[in-house]
>>> print(open('input_23.csv').read())   # CSV, C-alpha atoms
chain,number,residue,atom,x,y,z
A,1,MET,CA,43.0,-2.9,-1.7
A,2,LYS,CA,45.9,-1.9,-4.0
A,3,ASN,CA,45.5,0.2,-7.1
A,4,LYS,CA,43.5,-0.8,-10.2
A,5,LEU,CA,46.4,-1.3,-12.5
A,6,ILE,CA,48.0,-4.1,-10.4
A,7,HIS,CA,44.7,-5.8,-10.4
A,8,ALA,CA,44.2,-5.6,-14.1
A,9,LEU,CA,47.7,-7.2,-14.5
A,10,ALA,CA,46.9,-9.9,-12.0
A,11,ALA,CA,43.7,-10.6,-13.8
A,12,THR,CA,45.4,-11.2,-17.1
A,13,ALA,CA,48.0,-13.4,-15.4
A,14,VAL,CA,45.3,-15.4,-13.7
A,15,ALA,CA,43.3,-15.7,-17.0
A,16,ALA,CA,46.5,-16.9,-18.7
A,17,THR,CA,47.3,-19.6,-16.1
A,18,MET,CA,43.7,-20.8,-16.0
A,19,LEU,CA,43.7,-21.3,-19.8
A,20,SER,CA,47.0,-23.2,-19.8
A,21,ALA,CA,46.6,-25.1,-16.5
A,22,PRO,CA,43.1,-25.1,-15.0
A,23,ALA,CA,44.2,-26.8,-11.8
A,24,ILE,CA,46.4,-24.1,-10.6
A,25,SER,CA,45.0,-22.0,-7.8
A,26,SER,CA,48.1,-20.6,-6.1
A,27,ALA,CA,48.1,-17.1,-7.6
A,28,ALA,CA,49.5,-14.4,-5.4
A,29,GLY,CA,47.3,-13.5,-2.4
A,30,THR,CA,45.6,-16.9,-2.0
A,31,ALA,CA,44.5,-17.5,1.6
A,32,ASP,CA,45.7,-20.5,3.6
A,33,ALA,CA,43.8,-23.8,3.5
A,34,LYS,CA,42.2,-23.4,6.9
A,35,VAL,CA,40.5,-20.1,6.0
A,36,ILE,CA,39.3,-21.6,2.8
A,37,ALA,CA,37.9,-24.6,4.5
A,38,GLU,CA,36.1,-22.4,7.0
A,39,GLY,CA,34.7,-20.3,4.2
A,40,LYS,CA,33.4,-23.4,2.5
A,41,LYS,CA,31.6,-24.5,5.6
A,42,LEU,CA,30.0,-21.1,6.0
A,43,ALA,CA,29.0,-21.0,2.3
A,44,PHE,CA,27.3,-24.5,2.5
A,45,LYS,CA,25.6,-24.2,5.9
A,46,ARG,CA,21.9,-23.5,5.7
A,47,SER,CA,21.8,-21.2,8.7
A,48,LYS,CA,24.8,-19.2,7.4
A,49,GLY,CA,25.4,-18.5,3.7
A,50,ASN,CA,23.2,-21.2,2.3
A,51,CYS,CA,24.6,-20.2,-1.1
A,52,LEU,CA,23.5,-23.6,-2.5
A,53,ALA,CA,19.8,-22.6,-2.2
A,54,CYS,CA,20.4,-20.5,-5.3
A,55,HIS,CA,23.9,-21.3,-6.8
A,56,MET,CA,25.5,-24.3,-8.2
A,57,ILE,CA,28.8,-24.8,-6.5
A,58,LYS,CA,31.3,-27.6,-7.3
A,59,GLY,CA,30.9,-30.3,-4.6
A,60,GLY,CA,27.5,-29.1,-3.3
A,61,SER,CA,24.5,-31.4,-3.6
A,62,LEU,CA,21.0,-30.4,-4.8
A,63,PRO,CA,21.8,-26.8,-5.7
A,64,GLY,CA,19.1,-24.3,-6.7
A,65,ASN,CA,19.2,-22.5,-10.1
A,66,ILE,CA,18.1,-19.0,-9.2
A,67,GLY,CA,21.5,-17.4,-9.4
A,68,PRO,CA,24.5,-18.1,-11.7
A,69,ALA,CA,26.8,-21.0,-11.0
A,70,LEU,CA,29.7,-19.9,-8.8
A,71,ILE,CA,32.6,-20.8,-11.0
A,72,ALA,CA,35.7,-19.1,-12.4
A,73,MET,CA,35.3,-16.4,-9.7
A,74,LYS,CA,38.8,-15.0,-10.2
A,75,LEU,CA,38.1,-14.4,-13.9
A,76,ARG,CA,34.8,-12.7,-13.2
A,77,TYR,CA,36.1,-10.8,-10.2
A,78,PRO,CA,39.7,-9.8,-10.8
A,79,ASP,CA,39.1,-7.3,-8.0
A,80,LYS,CA,38.5,-9.3,-4.9
A,81,GLN,CA,37.0,-6.2,-3.1
A,82,LYS,CA,34.3,-6.1,-5.7
A,83,LEU,CA,33.4,-9.8,-4.9
A,84,HIS,CA,33.3,-8.9,-1.2
A,85,ASP,CA,31.1,-5.9,-1.9
A,86,LYS,CA,28.8,-8.0,-4.0
A,87,ILE,CA,28.2,-10.6,-1.2
A,88,TRP,CA,28.1,-7.8,1.5
A,89,GLY,CA,25.4,-6.1,-0.5
A,90,LYS,CA,26.9,-2.8,-1.3
A,91,PRO,CA,24.0,-0.9,-3.0
A,92,GLU,CA,26.0,0.0,-6.1
A,93,GLN,CA,26.6,-3.8,-6.8
A,94,GLU,CA,22.9,-4.7,-6.3
A,95,ILE,CA,20.7,-5.8,-9.1
A,96,LYS,CA,17.1,-4.8,-8.9
A,97,TYR,CA,14.6,-7.5,-8.0
A,98,SER,CA,17.5,-9.9,-7.4
A,99,MET,CA,17.1,-12.7,-4.8
A,100,MET,CA,20.7,-12.3,-3.8
A,101,PRO,CA,20.6,-11.3,-0.1
A,102,PRO,CA,22.7,-8.4,1.1
A,103,PHE,CA,24.6,-10.6,3.6
A,104,GLY,CA,26.6,-7.8,5.3
A,105,ARG,CA,24.2,-4.9,5.0
A,106,HIS,CA,21.4,-7.0,6.6
A,107,VAL,CA,23.7,-8.5,9.2
A,108,ILE,CA,23.2,-12.0,8.0
A,109,LEU,CA,26.9,-12.7,8.1
A,110,SER,CA,29.7,-10.8,9.8
A,111,ASP,CA,32.4,-9.1,7.8
A,112,ASP,CA,34.9,-11.8,8.9
A,113,GLU,CA,32.6,-14.6,7.8
A,114,ILE,CA,32.1,-12.9,4.4
A,115,ASN,CA,35.9,-12.6,4.1
A,116,LYS,CA,36.3,-16.3,4.6
A,117,ILE,CA,33.6,-17.1,2.0
A,118,VAL,CA,35.3,-14.8,-0.5
A,119,GLU,CA,38.6,-16.7,0.0
A,120,TYR,CA,36.7,-20.0,-0.5
A,121,ILE,CA,34.8,-19.0,-3.6
A,122,TYR,CA,37.9,-17.3,-5.1
A,123,THR,CA,39.3,-20.9,-5.4
A,124,LEU,CA,36.3,-22.0,-7.6
B,1,MET,CA,40.2,-7.3,3.0
B,2,LYS,CA,39.0,-3.8,3.6
B,3,LYS,CA,35.7,-3.6,5.4
B,4,THR,CA,32.8,-2.2,3.5
B,5,LEU,CA,31.5,0.6,5.8
B,6,LEU,CA,27.9,1.4,5.8
B,7,LEU,CA,25.5,2.0,8.6
B,8,THR,CA,23.6,-1.2,9.3
B,9,ALA,CA,21.1,0.6,11.5
B,10,LEU,CA,19.2,1.6,8.5
B,11,SER,CA,18.5,-1.9,7.4
B,12,ALA,CA,17.8,-3.1,10.9
B,13,GLY,CA,15.2,-0.4,11.2
B,14,ALA,CA,13.5,-1.5,8.0
B,15,LEU,CA,12.9,-5.0,9.3
B,16,THR,CA,9.9,-4.0,11.4
B,17,MET,CA,7.1,-2.0,10.0
B,18,ALA,CA,3.4,-1.5,10.3
B,19,ALA,CA,2.1,-3.0,7.1
B,20,ASN,CA,-1.2,-1.2,6.6
B,21,ALA,CA,0.6,2.2,6.6
B,22,TYR,CA,1.9,1.2,3.2
B,23,ALA,CA,0.1,0.5,0.0
B,24,ASP,CA,0.5,0.6,-3.7
B,25,ASN,CA,-1.9,2.4,-5.9
B,26,VAL,CA,-2.6,0.5,-9.1
B,27,ASP,CA,-5.7,-0.5,-11.0
B,28,PRO,CA,-6.4,-4.1,-9.8
B,29,GLU,CA,-7.8,-5.5,-13.0
B,30,LYS,CA,-5.0,-4.0,-15.2
B,31,ASP,CA,-2.5,-5.2,-12.7
B,32,ARG,CA,-4.0,-8.7,-12.5
B,33,LYS,CA,-3.9,-9.1,-16.3
B,34,GLN,CA,-0.3,-8.0,-16.4
B,35,LEU,CA,0.8,-10.4,-13.7
B,36,VAL,CA,-1.0,-13.3,-15.3
B,37,ASP,CA,0.7,-12.6,-18.6
B,38,PHE,CA,4.0,-12.2,-17.0
B,39,ILE,CA,3.7,-15.5,-15.1
B,40,MET,CA,2.2,-17.4,-18.1
B,41,ALA,CA,4.9,-16.2,-20.5
B,42,LYS,CA,7.4,-18.3,-18.4
B,43,ALA,CA,5.8,-21.5,-19.4
B,44,PRO,CA,3.9,-21.1,-22.7
B,45,LYS,CA,2.8,-24.7,-22.9
B,46,VAL,CA,1.0,-24.7,-19.5
B,47,SER,CA,-2.7,-24.0,-19.7
B,48,PHE,CA,-4.4,-21.5,-17.4
B,49,GLU,CA,-6.5,-24.1,-15.6
B,50,ASP,CA,-3.3,-26.0,-14.6
B,51,TYR,CA,-2.1,-23.2,-12.4
B,52,ARG,CA,-4.2,-24.7,-9.7
B,53,LEU,CA,-1.5,-27.4,-9.5
B,54,GLY,CA,1.2,-25.1,-8.1
B,55,ALA,CA,4.8,-26.0,-8.6
B,56,TYR,CA,3.8,-29.4,-10.2
B,57,ILE,CA,3.2,-27.7,-13.6
B,58,TYR,CA,7.0,-27.1,-13.8
B,59,ASN,CA,8.2,-30.7,-13.4
B,60,ALA,CA,6.8,-33.9,-15.0
B,61,ASP,CA,8.3,-36.3,-12.4
B,62,LYS,CA,6.9,-34.4,-9.5
B,63,ARG,CA,3.6,-34.0,-11.2
B,64,ALA,CA,3.5,-37.8,-11.7
B,65,GLN,CA,4.2,-38.4,-8.0
B,66,TYR,CA,1.5,-35.9,-7.1
B,67,GLU,CA,-1.0,-37.6,-9.3
B,68,ALA,CA,-0.1,-41.0,-7.8
B,69,VAL,CA,-0.6,-39.7,-4.2
B,70,ASN,CA,-3.9,-38.2,-5.3
B,71,GLU,CA,-5.3,-41.6,-6.4
B,72,PHE,CA,-5.9,-42.2,-2.7
B,73,PRO,CA,-5.2,-38.8,-1.1
B,74,PRO,CA,-4.3,-38.5,2.5
B,75,TYR,CA,-6.8,-35.7,3.2
B,76,LEU,CA,-10.0,-37.9,2.8
B,77,ASP,CA,-10.4,-38.5,6.5
B,78,ALA,CA,-10.1,-34.8,7.1
B,79,ILE,CA,-13.0,-34.0,4.8
B,80,ASP,CA,-15.1,-36.6,6.7
B,81,ALA,CA,-14.1,-35.0,10.0
B,82,GLY,CA,-15.0,-31.6,8.5
B,83,GLU,CA,-18.4,-32.9,7.6
B,84,ALA,CA,-18.9,-34.2,11.2
B,85,LEU,CA,-18.0,-30.8,12.5
B,86,TRP,CA,-20.6,-29.2,10.3
B,87,GLU,CA,-23.3,-31.6,11.3
B,88,LYS,CA,-22.5,-31.2,15.0
B,89,ASP,CA,-23.2,-27.4,15.0
B,90,LYS,CA,-25.3,-27.4,11.9
B,91,ALA,CA,-28.0,-25.0,13.2
B,92,VAL,CA,-25.3,-22.4,14.1
B,93,TYR,CA,-23.5,-22.6,10.7
B,94,GLU,CA,-26.7,-22.6,8.6
B,95,LYS,CA,-27.7,-19.4,10.3
B,96,CYS,CA,-24.5,-17.8,9.2
B,97,PHE,CA,-23.8,-19.4,5.9
B,98,GLY,CA,-27.1,-20.9,4.6
B,99,SER,CA,-27.8,-24.6,4.1
B,100,ASP,CA,-26.2,-25.2,0.7
B,101,VAL,CA,-22.6,-26.3,1.5
B,102,SER,CA,-21.6,-25.9,-2.1
B,103,LYS,CA,-22.3,-22.2,-2.1
B,104,ILE,CA,-20.1,-21.1,0.8
B,105,ARG,CA,-16.4,-21.4,-0.2
B,106,PRO,CA,-16.8,-19.4,-3.4
B,107,LYS,CA,-18.0,-16.3,-1.5
B,108,TYR,CA,-14.7,-15.9,0.2
B,109,PRO,CA,-12.5,-13.9,0.5
B,110,TYR,CA,-14.6,-10.7,-0.1
B,111,PHE,CA,-14.3,-7.1,0.9
B,112,ASP,CA,-17.0,-6.2,3.3
B,113,ASP,CA,-17.8,-2.5,2.6
B,114,LYS,CA,-19.7,-2.0,5.9
B,115,ARG,CA,-16.9,-3.3,8.0
B,116,GLY,CA,-14.2,-1.8,5.8
B,117,GLU,CA,-12.1,-5.0,5.7
B,118,VAL,CA,-11.5,-8.3,3.9
B,119,VAL,CA,-13.4,-11.3,5.3
B,120,THR,CA,-11.9,-14.7,4.8
B,121,LEU,CA,-13.7,-18.1,5.1
B,122,GLU,CA,-11.8,-19.0,8.2
B,123,LEU,CA,-12.5,-15.7,9.9
B,124,ALA,CA,-16.2,-16.0,9.1
B,125,ILE,CA,-16.3,-19.5,10.6
B,126,ASN,CA,-14.8,-18.4,13.9
B,127,GLU,CA,-16.9,-15.3,14.1
B,128,CYS,CA,-20.0,-17.4,13.5
B,129,ARG,CA,-19.0,-19.7,16.3
B,130,GLN,CA,-18.2,-16.9,18.7
B,131,ASN,CA,-21.5,-15.1,18.0
B,132,ALA,CA,-23.3,-18.3,18.9
B,133,GLY,CA,-21.3,-18.7,22.1
B,134,LEU,CA,-19.1,-21.5,20.8
B,135,LYS,CA,-15.3,-21.6,21.3
B,136,PRO,CA,-13.4,-20.3,18.2
B,137,PHE,CA,-11.1,-22.8,16.6
B,138,LYS,CA,-7.4,-22.3,16.7
B,139,TRP,CA,-6.0,-20.9,13.4
B,140,GLY,CA,-3.7,-22.8,11.1
B,141,THR,CA,-4.4,-26.5,11.6
B,142,GLY,CA,-7.0,-28.9,13.2
B,143,ASP,CA,-10.7,-28.2,13.1
B,144,ILE,CA,-10.5,-24.9,11.3
B,145,ALA,CA,-8.7,-26.6,8.4
B,146,ARG,CA,-11.1,-29.6,8.5
B,147,LEU,CA,-14.2,-27.5,8.2
B,148,SER,CA,-12.6,-25.4,5.6
B,149,ALA,CA,-11.6,-28.5,3.6
B,150,TYR,CA,-15.2,-29.8,3.8
B,151,LEU,CA,-16.5,-26.6,2.4
B,152,ALA,CA,-13.8,-26.4,-0.3
B,153,TYR,CA,-14.5,-30.0,-1.3
B,154,ASN,CA,-18.2,-29.3,-1.8
B,155,ALA,CA,-17.4,-26.3,-4.1
B,156,ARG,CA,-14.8,-28.0,-6.3
B,157,GLY,CA,-14.8,-26.9,-9.9
B,158,GLN,CA,-16.5,-23.5,-9.2
B,159,LYS,CA,-14.4,-20.6,-10.3
B,160,ILE,CA,-12.7,-18.1,-8.1
B,161,ASN,CA,-14.5,-14.8,-8.6
B,162,VAL,CA,-13.2,-12.1,-6.2
B,163,LYS,CA,-14.8,-8.7,-6.9
B,164,ILE,CA,-13.3,-5.3,-6.5
B,165,ASP,CA,-15.9,-2.7,-6.9
B,166,SER,CA,-15.3,-0.2,-4.1
B,167,GLU,CA,-12.5,2.2,-3.1
B,168,GLY,CA,-12.1,0.1,0.1
B,169,ALA,CA,-11.6,-3.2,-1.9
B,170,ARG,CA,-9.2,-1.5,-4.2
B,171,LYS,CA,-7.2,-0.3,-1.2
B,172,ALA,CA,-7.2,-3.8,0.3
B,173,TYR,CA,-5.8,-5.2,-2.9
B,174,ASN,CA,-3.1,-2.6,-3.0
B,175,GLU,CA,-2.1,-3.3,0.6
B,176,GLY,CA,-1.9,-7.0,-0.2
B,177,ARG,CA,0.1,-6.2,-3.3
B,178,TYR,CA,2.5,-4.1,-1.3
B,179,LEU,CA,3.1,-6.9,1.2
B,180,PHE,CA,3.6,-9.3,-1.7
B,181,THR,CA,6.1,-7.3,-3.8
B,182,ARG,CA,8.3,-5.4,-1.4
B,183,PRO,CA,11.4,-7.0,0.2
B,184,HIS,CA,10.8,-7.8,3.9
B,185,GLY,CA,12.9,-9.5,6.5
B,186,GLN,CA,16.5,-10.1,7.1
B,187,LEU,CA,17.1,-11.9,3.8
B,188,ASN,CA,15.7,-9.0,1.8
B,189,LEU,CA,13.3,-11.3,0.0
B,190,SER,CA,9.8,-10.7,-1.2
B,191,CYS,CA,7.0,-13.1,-2.1
B,192,ALA,CA,7.3,-11.8,-5.6
B,193,LYS,CA,11.0,-12.7,-5.9
B,194,CYS,CA,10.1,-16.4,-5.3
B,195,HIS,CA,6.6,-16.7,-6.6
B,196,ALA,CA,6.6,-14.3,-9.6
B,197,TYR,CA,10.1,-13.4,-10.9
B,198,ASN,CA,11.6,-16.8,-10.2
B,199,ALA,CA,8.5,-19.1,-10.5
B,200,GLY,CA,9.6,-22.4,-12.0
B,201,ARG,CA,13.2,-22.1,-10.8
B,202,ARG,CA,14.6,-24.2,-8.0
B,203,ALA,CA,15.6,-23.1,-4.5
B,204,ARG,CA,17.7,-26.1,-3.5
B,205,ALA,CA,15.5,-29.0,-4.6
B,206,ASN,CA,12.2,-27.0,-4.2
B,207,ILE,CA,10.5,-25.8,-7.3
B,208,LEU,CA,8.9,-22.4,-6.8
B,209,SER,CA,5.2,-22.1,-7.7
B,210,SER,CA,3.7,-19.0,-9.2
B,211,ALA,CA,1.4,-16.9,-7.1
B,212,LEU,CA,-1.3,-17.5,-9.8
B,213,GLY,CA,-3.2,-20.4,-8.3
B,214,HIS,CA,-1.9,-20.0,-4.7
B,215,THR,CA,-5.3,-19.9,-3.2
B,216,THR,CA,-7.2,-22.4,-5.3
B,217,HIS,CA,-6.6,-25.6,-3.4
B,218,PHE,CA,-6.3,-24.7,0.3
B,219,PRO,CA,-6.3,-26.1,2.9
B,220,VAL,CA,-3.5,-28.5,1.9
B,221,TRP,CA,-2.3,-31.7,3.3
B,222,ARG,CA,1.5,-31.3,3.2
B,223,ALA,CA,3.8,-34.3,3.5
B,224,LYS,CA,6.2,-32.2,5.4
B,225,TRP,CA,3.6,-31.3,8.0
B,226,ASN,CA,1.8,-34.7,7.9
B,227,HIS,CA,-1.5,-32.9,8.4
B,228,LEU,CA,-3.8,-30.4,6.9
B,229,GLY,CA,-3.1,-26.7,7.2
B,230,THR,CA,-4.6,-23.4,6.0
B,231,LEU,CA,-3.3,-20.8,3.6
B,232,HIS,CA,-2.3,-18.5,6.4
B,233,LYS,CA,-0.3,-21.3,8.0
B,234,ARG,CA,1.6,-21.6,4.7
B,235,TYR,CA,2.1,-17.8,4.6
B,236,THR,CA,3.6,-18.0,8.1
B,237,GLY,CA,6.0,-20.7,7.0
B,238,CYS,CA,7.3,-18.7,4.0
B,239,MET,CA,7.7,-15.6,6.1
B,240,LYS,CA,9.8,-17.5,8.6
B,241,ASN,CA,12.0,-18.7,5.7
B,242,MET,CA,12.4,-15.1,4.7
B,243,ARG,CA,13.3,-14.3,8.3
B,244,TRP,CA,10.4,-12.0,8.4
B,245,ASP,CA,8.6,-12.4,11.7
B,246,PRO,CA,4.9,-12.9,10.9
B,247,LYS,CA,4.0,-11.2,14.2
B,248,THR,CA,5.3,-7.9,12.9
B,249,VAL,CA,2.2,-7.7,10.6
B,250,GLY,CA,-0.1,-9.5,13.0
B,251,GLY,CA,0.1,-13.2,12.0
B,252,ALA,CA,-2.7,-15.5,10.8
B,253,GLN,CA,-6.1,-13.7,10.1
B,254,SER,CA,-4.6,-10.3,10.8
B,255,GLU,CA,-5.7,-7.5,8.5
B,256,ALA,CA,-2.4,-7.8,6.7
B,257,PHE,CA,-2.7,-11.5,6.1
B,258,ARG,CA,-6.3,-11.1,4.9
B,259,ASN,CA,-5.2,-8.4,2.4
B,260,LEU,CA,-2.4,-10.7,1.2
B,261,GLU,CA,-5.0,-13.5,0.6
B,262,PHE,CA,-7.3,-11.0,-1.1
B,263,PHE,CA,-4.5,-10.0,-3.5
B,264,GLU,CA,-3.6,-13.6,-4.2
B,265,ALA,CA,-7.2,-14.7,-4.6
B,266,TYR,CA,-8.0,-11.8,-7.0
B,267,LEU,CA,-5.0,-12.7,-9.0
B,268,SER,CA,-6.3,-16.3,-9.3
B,269,ASN,CA,-9.8,-15.2,-10.6
B,270,GLY,CA,-11.1,-17.6,-13.1
B,271,LEU,CA,-9.3,-20.7,-11.8
B,272,PRO,CA,-11.3,-23.5,-10.4
B,273,ILE,CA,-11.6,-24.1,-6.6
B,274,ASP,CA,-9.7,-27.4,-6.0
B,275,GLY,CA,-9.3,-27.8,-2.3
B,276,PRO,CA,-8.3,-29.6,-0.3
B,277,ASP,CA,-5.2,-30.8,-2.0
B,278,TYR,CA,-1.9,-32.5,-1.5
B,279,ARG,CA,1.5,-30.9,-1.5
B,280,GLU,CA,5.0,-32.2,-0.8
>>> encode(input="input_23.csv", output="structure tokens")
Amino acid sequence: MKNKLIHALAATAVAATMLSAPAISSAAGTADAKVIAEGKKLAFKRSKGNCLACHMIKGGSLPGNIGPALIAMKLRYPDKQKLHDKIWGKPEQEIKYSMMPPFGRHVILSDDEINKIVEYIYTL
Amino acid sequence: MKKTLLLTALSAGALTMAANAYADNVDPEKDRKQLVDFIMAKAPKVSFEDYRLGAYIYNADKRAQYEAVNEFPPYLDAIDAGEALWEKDKAVYEKCFGSDVSKIRPKYPYFDDKRGEVVTLELAINECRQNAGLKPFKWGTGDIARLSAYLAYNARGQKINVKIDSEGARKAYNEGRYLFTRPHGQLNLSCAKCHAYNAGRRARANILSSALGHTTHFPVWRAKWNHLGTLHKRYTGCMKNMRWDPKTVGGAQSEAFRNLEFFEAYLSNGLPIDGPDYRE
């Protein structure tokens, strides 16, 4: 990952575009459609991410309501690495008593699978 | 994306553990009161008695469906079958349990000071059979659940009243509590995360019940199973969902499972026995 300042700038840029044109999702660094589609599959599949068990995700049916809705991820995570770490289960990002499984740390998903999920939810 | 580097060996090692080497050390009665308050604060309008209804207290539609099913419940045949089992080996059972079938279910689970362990109703049934030279029933479903259902049915309305008045009983509670509250298994979940902290919320379309009332109504006839099953069968199912292999703590009727039941039953003290019952 590059330095913090660039990310901060990118974040304001993203925030600005989202306010004026919510449909736009082509900010710099966006992954290609194939990776995003694979990430979506991994996120929805019960035997993989099963994120819908706990999170509302646009386009997913019967979501749980244990975790917050996965929406506006770019705004909430201007630093993509932080989002990756959150899903991976880096202890510093962990919230006590949370249901959120540490997907990487407990070898539920591979790093590559987590990367794809990050690319997908970054479009939400 | 840069990989987050951390040794995974640590977490892999934490997946298997001998349960009874670990225990909390709290005062059971103080702990019970705190847990009941914590759980009841989530749904201030729900009465204490209603906690025997599990997740149905959190959703009016599901509760209405449940009440409709219970107008002609699917477990009635199983109660009759349980009665037939009792009659068949009546002499054996009466020697172990006495002849009043309404007085048996409320005695269990209890901590047996002489044996130094928790005795559950299902364990006592099978021990009674074996001591008389009869074949023990298989755990989980079938005859063990039918006989247990018959005994629960005859004790309906009596209050759960688990006693903790020895150091051994206190230890059993604390071991059950440890199993209940600590994260276990690949998903890093604990029983408490679903059935205490998030009781009333939804995992997908499933509403999470609170642990208060978990033992009142077993065995249950689950639509998903299409038969009657014991509490320990249900524990096994939840553990598998957590990706926590029940065999690592011994499975149904192991000391760990009995301690877990002891903890959950003590927590439910004062609630009426309501078994058998129907669940989705």
>>> atom_distance(input="input_23.csv", atom1="atom CA of B:Pro272", atom2="atom CA of B:Ile160")
6.0 Å
>>> residues_around(input="input_23.csv", residues="B:Tyr51", least_positions_apart="6", cutoff="8 Å", atoms="all atoms listed in the file", output="number ranges by chain")
B: 57, 210, 212-213, 271
>>> residues_around(input="input_23.csv", residues="A:Gly49", least_positions_apart="3", cutoff="9 Å", atoms="only C-alpha atoms", output="count of residues only")
12
>>> atom_distance(input="input_23.csv", atom1="atom CA of B:Ser148", atom2="atom CA of B:Glu83")
9.7 Å
>>> atom_distance(input="input_23.csv", atom1="atom CA of B:Leu123", atom2="atom CA of B:Ala199")
29.5 Å
>>> closest_residue(input="input_23.csv", among="A:Cys54, A:Ala33, A:Val118, A:Leu124", to="chain B", atoms="only C-alpha atoms")
A:Cys54
>>> closest_residue(input="input_23.csv", among="B:Ser254, B:Asn174, B:Thr248, B:Asn206", to="chain A", atoms="all atoms listed in the file")
B:Asn206
>>> closest_residue(input="input_23.csv", among="A:His106, A:Lys86, A:Lys96, A:Lys58", to="B:Arg182", atoms="only C-alpha atoms")
A:Lys96
>>> residues_near_point(input="input_23.csv", point="(37.3, -19.1, -3.3)", cutoff="9 Å", atoms="all atoms listed in the file", output="list in words")
Thr30, Ala31, Ile36, Gly39, Lys40, Met73, Lys74, Lys116, Ile117, Val118, Glu119, Tyr120, Ile121, Tyr122, Thr123 and Leu124 of chain A
>>> interface_residues(input="input_23.csv", of="chain A", to="chain B", cutoff="9 Å", atoms="all atoms listed in the file", output="mmCIF file with C-alpha atoms, keeping the file's coordinate frame")
data_model
loop_
_atom_site.group_PDB
_atom_site.id
_atom_site.type_symbol
_atom_site.label_atom_id
_atom_site.label_comp_id
_atom_site.auth_asym_id
_atom_site.auth_seq_id
_atom_site.Cartn_x
_atom_site.Cartn_y
_atom_site.Cartn_z
ATOM 1 C CA MET A 1 43.000 -2.900 -1.700
ATOM 2 C CA LEU A 52 23.500 -23.600 -2.500
ATOM 3 C CA ALA A 53 19.800 -22.600 -2.200
ATOM 4 C CA CYS A 54 20.400 -20.500 -5.300
ATOM 5 C CA HIS A 55 23.900 -21.300 -6.800
ATOM 6 C CA SER A 61 24.500 -31.400 -3.600
ATOM 7 C CA LEU A 62 21.000 -30.400 -4.800
ATOM 8 C CA PRO A 63 21.800 -26.800 -5.700
ATOM 9 C CA GLY A 64 19.100 -24.300 -6.700
ATOM 10 C CA ASN A 65 19.200 -22.500 -10.100
ATOM 11 C CA ILE A 66 18.100 -19.000 -9.200
ATOM 12 C CA LYS A 80 38.500 -9.300 -4.900
ATOM 13 C CA GLN A 81 37.000 -6.200 -3.100
ATOM 14 C CA HIS A 84 33.300 -8.900 -1.200
ATOM 15 C CA ASP A 85 31.100 -5.900 -1.900
ATOM 16 C CA TRP A 88 28.100 -7.800 1.500
ATOM 17 C CA LYS A 90 26.900 -2.800 -1.300
ATOM 18 C CA TYR A 97 14.600 -7.500 -8.000
ATOM 19 C CA SER A 98 17.500 -9.900 -7.400
ATOM 20 C CA MET A 99 17.100 -12.700 -4.800
ATOM 21 C CA MET A 100 20.700 -12.300 -3.800
ATOM 22 C CA PRO A 101 20.600 -11.300 -0.100
ATOM 23 C CA PRO A 102 22.700 -8.400 1.100
ATOM 24 C CA PHE A 103 24.600 -10.600 3.600
ATOM 25 C CA GLY A 104 26.600 -7.800 5.300
ATOM 26 C CA ARG A 105 24.200 -4.900 5.000
ATOM 27 C CA HIS A 106 21.400 -7.000 6.600
ATOM 28 C CA VAL A 107 23.700 -8.500 9.200
ATOM 29 C CA ILE A 108 23.200 -12.000 8.000
ATOM 30 C CA ASP A 111 32.400 -9.100 7.800
ATOM 31 C CA ASP A 112 34.900 -11.800 8.900
ATOM 32 C CA ASN A 115 35.900 -12.600 4.100
#
>>> closest_residue(input="input_23.csv", among="B:Ser166, B:Ser47, B:Asn161, B:Thr120", to="B:Asp27", atoms="all atoms listed in the file")
B:Ser166
>>> closest_residue(input="input_23.csv", among="A:Leu83, A:Leu70, A:Ile95, A:Val35", to="A:Glu113", atoms="all atoms listed in the file")
A:Val35
>>> decode(input="input_23.csv", residues="stretch 115-120 of chain B", atoms="N, CA, C and O atoms", output="compact mmCIF listing (two decimals), in the first residue's frame")
# COMPACT_ATOMS: atom_id res chain seq x y z
N ARG B 115 -20.43 -39.18 42.85
CA ARG B 115 -19.76 -39.47 41.58
C ARG B 115 -18.84 -38.33 41.16
O ARG B 115 -17.94 -38.50 40.34
N GLY B 116 -19.13 -37.14 41.64
CA GLY B 116 -18.33 -35.98 41.25
C GLY B 116 -18.61 -35.53 39.83
O GLY B 116 -17.73 -35.02 39.14
N GLU B 117 -19.87 -35.73 39.37
CA GLU B 117 -20.20 -35.26 38.02
C GLU B 117 -21.68 -35.00 37.87
O GLU B 117 -22.49 -35.41 38.70
N VAL B 118 -22.03 -34.32 36.76
CA VAL B 118 -23.42 -34.00 36.46
C VAL B 118 -24.10 -35.23 35.88
O VAL B 118 -23.54 -35.92 35.03
N VAL B 119 -25.32 -35.52 36.37
CA VAL B 119 -26.11 -36.61 35.80
C VAL B 119 -27.32 -35.99 35.11
O VAL B 119 -28.05 -35.20 35.69
N THR B 120 -27.50 -36.34 33.84
CA THR B 120 -28.65 -35.86 33.07
C THR B 120 -29.71 -36.97 33.02
O THR B 120 -29.41 -38.14 33.29
